[in-house]
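A.B. asks: Have a peek at protein.cif (mmCIF, C-alpha atoms).
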data_coords
#
loop_
_atom_site.label_atom_id
_atom_site.label_comp_id
_atom_site.auth_asym_id
_atom_site.auth_seq_id
_atom_site.Cartn_x
_atom_site.Cartn_y
_atom_site.Cartn_z
CA MET A 1 -1.99 0.65 -27.23
CA SER A 2 -1.42 3.10 -24.39
CA THR A 3 1.57 5.39 -24.27
CA HIS A 4 0.82 6.33 -20.65
CA SER A 5 3.46 5.02 -18.28
CA LYS A 6 3.31 4.63 -14.52
CA PRO A 7 4.79 7.68 -12.79
CA THR A 8 8.03 7.29 -10.88
CA PRO A 9 7.29 6.38 -7.26
CA GLY A 10 7.50 9.33 -4.91
CA PRO A 11 9.26 9.43 -1.55
CA MET A 12 6.26 8.16 0.45
CA GLU A 13 5.68 5.22 -1.88
CA ARG A 14 9.38 4.35 -1.64
CA LEU A 15 9.18 4.46 2.18
CA ILE A 16 6.13 2.19 2.18
CA ARG A 17 7.88 -0.26 -0.14
CA LYS A 18 11.08 -0.28 1.93
CA ASN A 19 9.36 -0.71 5.30
CA ILE A 20 7.18 -3.58 4.11
CA ALA A 21 9.87 -5.28 2.01
CA ASP A 22 12.50 -5.13 4.76
CA ARG A 23 10.24 -6.61 7.42
CA LEU A 24 7.91 -8.99 5.58
CA LYS A 25 10.02 -10.17 2.61
CA PRO A 26 6.87 -10.35 0.46
CA THR A 27 6.58 -12.49 -2.64
CA VAL A 28 4.18 -9.87 -4.03
CA LEU A 29 4.14 -6.19 -3.12
CA LEU A 30 1.86 -3.95 -5.17
CA ILE A 31 1.47 -0.29 -4.30
CA ASP A 32 -0.98 1.94 -6.11
CA ASN A 33 -0.98 5.65 -5.31
CA GLU A 34 -4.68 6.52 -5.44
CA SER A 35 -4.32 10.05 -4.12
CA TYR A 36 -5.57 11.57 -7.38
CA LYS A 37 -8.97 9.98 -6.73
CA HIS A 38 -9.37 11.95 -3.50
CA ARG A 39 -8.18 15.45 -4.46
CA HIS A 40 -11.77 16.74 -4.55
CA HIS A 41 -12.53 15.68 -0.94
CA ALA A 42 -12.92 18.60 1.46
CA ALA A 43 -10.13 17.36 3.74
CA MET A 44 -7.70 17.19 0.80
CA ARG A 45 -8.45 20.49 -0.99
CA ASP A 46 -5.65 22.50 0.61
CA VAL A 47 -3.14 19.64 0.73
CA ASP A 48 -0.24 19.86 -1.71
CA ASN A 49 1.02 16.34 -1.03
CA THR A 50 0.30 13.97 -3.91
CA GLU A 51 1.01 10.85 -1.83
CA THR A 52 -1.77 10.50 0.73
CA HIS A 53 -3.94 7.54 -0.34
CA PHE A 54 -2.56 4.10 -1.22
CA ARG A 55 -3.85 0.66 -2.12
CA VAL A 56 -1.27 -1.87 -0.93
CA THR A 57 -1.31 -5.59 -1.66
CA VAL A 58 1.12 -7.74 0.31
CA VAL A 59 1.64 -11.47 -0.05
CA SER A 60 3.96 -12.88 2.60
CA ASP A 61 4.51 -16.14 4.43
CA LYS A 62 4.91 -13.97 7.57
CA PHE A 63 1.09 -13.79 7.56
CA SER A 64 0.69 -17.56 8.06
CA GLY A 65 -1.37 -18.34 11.15
CA GLN A 66 -2.53 -14.74 11.55
CA SER A 67 -6.07 -13.43 11.19
CA ARG A 68 -6.71 -10.77 8.54
CA ILE A 69 -6.94 -8.18 11.34
CA GLN A 70 -3.55 -9.24 12.73
CA GLN A 71 -2.04 -9.02 9.25
CA GLN A 72 -3.38 -5.52 8.70
CA ARG A 73 -2.35 -4.36 12.17
CA LEU A 74 1.17 -5.51 11.34
CA ILE A 75 1.18 -3.35 8.19
CA TYR A 76 -0.16 -0.37 10.15
CA SER A 77 2.57 -0.83 12.77
CA LEU A 78 5.23 -0.81 10.02
CA LEU A 79 3.84 2.46 8.63
CA LYS A 80 3.02 4.15 11.94
CA ALA A 81 5.54 6.99 11.49
CA GLU A 82 4.43 7.68 7.91
CA MET A 83 0.80 7.87 9.02
CA ALA A 84 1.59 10.17 11.96
CA MET A 85 3.72 12.70 10.08
CA GLU A 86 2.28 15.99 8.88
CA GLY A 87 1.23 15.49 5.26
CA GLY A 88 1.82 11.75 5.54
CA ILE A 89 -0.40 8.82 4.67
CA HIS A 90 -4.05 9.74 5.08
CA ALA A 91 -5.60 6.41 4.00
CA LEU A 92 -4.57 2.85 3.23
CA THR A 93 -6.54 0.16 1.49
CA LEU A 94 -4.88 -3.13 2.39
CA VAL A 95 -5.05 -6.56 0.81
CA THR A 96 -3.02 -9.09 2.77
CA LYS A 97 -2.62 -12.74 1.85
CA THR A 98 -0.40 -15.71 2.47
CA PRO A 99 1.23 -17.23 -0.63
CA GLU A 100 -1.25 -20.12 -0.44
CA GLU A 101 -4.23 -17.76 -0.40
CA TYR A 102 -2.79 -15.77 -3.29
CA GLU A 103 -2.36 -18.89 -5.43
CA VAL A 104 -6.08 -19.63 -5.05
CA VAL A 105 -7.33 -16.08 -5.77
CA PRO A 106 -4.66 -13.72 -7.18
CA VAL A 107 -5.26 -10.00 -6.70
CA ALA A 108 -5.42 -7.87 -9.84
CA SER A 109 -3.65 -4.51 -9.74
CA LYS A 110 -2.34 -1.88 -12.11
CA SER A 111 1.10 -2.06 -10.46
CA ASP A 112 3.87 -4.46 -11.30
CA ALA A 113 4.92 -7.02 -8.71
CA SER A 114 8.35 -6.56 -7.24
#
What would the structure in this file look like if it were written as structure tokens?
C.D. replies:
Amino acid sequence: MSTHSKPTPGPMERLIRKNIADRLKPTVLLIDNESYKHRHHAAMRDVDNTETHFRVTVVSDKFSGQSRIQQQRLIYSLLKAEMAMEGGIHALTLVTKTPEEYEVVPVASKSDAS
């Protein structure tokens, strides 16, 4: 049994969650801060921000009829300001699905659905 708990979401993770939740009303929204995996990269060595790399899974009926590229472009448009700001989001790994697609092949994540 692990006693390790998930850290409290930081300000960037909360912004990501709010922007996506407000616009897409997802049935599943999983956000994993993977910044710790990239601290050793040359571009990240002098960066103090601990919220730069995220894996985001979004399941929303707003994706119905859209290609995967359209779905991901929508997410990028929602997070444009956070990606443009100094010390903001450096990288996103996106998984986007409609509820029907998610029922067929659920996405595993360490995060809890909200």
A.B. asks: Select, from A:Glu13, A:Asp32, A:Asp61, A:Glu51, the residue with the minimum atom-to-atom distance to Leu94 of chain A, counting all atoms listed in the file.
C.D. replies: A:Asp32
A.B. asks: Which residues match the PyMOL selection byres ((chain A and resi 98) around 8) in the file above, as an MDAnalysis selection string?
C.D. replies: chainID A and resid 59:64 96:97 99:102
A.B. asks: From the options A:Thr8, A:Phe54, A:Asn33, A:Gly65, which residue's atoms come nearest to Leu79 of chain A, counting all atoms listed in the file?
C.D. replies: A:Phe54
A.B. asks: What is the distance, in Å and to one decimal place, between atom CA of Val56 of chain A and atom CA of Leu30 of chain A?
C.D. replies: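 Between atom CA of Val56 of chain A and atom CA of Leu30 of chain A the gap works out to 5.7 Å.
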A.B. asks: Rank nothing, just name the residue among A:Met12, A:Ser67, A:Val95, A:Lys80 nearest to Val28 of chain A, using all atoms listed in the file.
C.D. replies: A:Val95
A.B. asks: So, counting only C-alpha atoms, which residue among A:Thr93, A:Ser35, A:Thr27, A:Thr52 is closest to Tyr76 of chain A?
C.D. replies: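 Smallest separation from Tyr76 of chain A among the options: A:Thr93.
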A.B. asks: My list of candidates is A:Val104, A:Glu34, A:Ala91, A:Glu82. Which is closest to Arg14 of chain A when distances are computed with only C-alpha atoms?
C.D. replies: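 Ranked by minimum distance to Arg14 of chain A, first place goes to A:Glu82.
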A.B. asks: For atom CA of Gln72 of chain A and atom CA of Leu92 of chain A, quote the distance in Å rounded to one decimal.
C.D. replies: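 Atom-to-atom, atom CA of Gln72 of chain A and atom CA of Leu92 of chain A are spaced 10.1 Å apart.
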A.B. asks: Report the distance between atom CA of Ala84 of chain A and atom CA of Ile20 of chain A in Å, rounded to one decimal place.
C.D. replies: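 Pair atom CA of Ala84 of chain A / atom CA of Ile20 of chain A returns 16.8 Å.
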A.B. asks: Using only C-alpha atoms, find the one residue out of A:Asn19, A:Leu74, A:His53, A:Ile31 that sits nearest to Gly87 of chain A.
C.D. replies: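 That would be A:His53, the residue with the smallest distance to Gly87 of chain A.
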A.B. asks: Enclose the full set of atoms of segment 78-83 of chain A listed in the file within a box whose edges lie along x, y and z, apply 6 Å of padding to each of the six sides, and report centre and edge lengths in Å to one decimal as JSON.
C.D. replies:
{"center_x": 3.2, "center_y": 3.5, "center_z": 9.9, "size_x": 16.7, "size_y": 20.7, "size_z": 16.0}
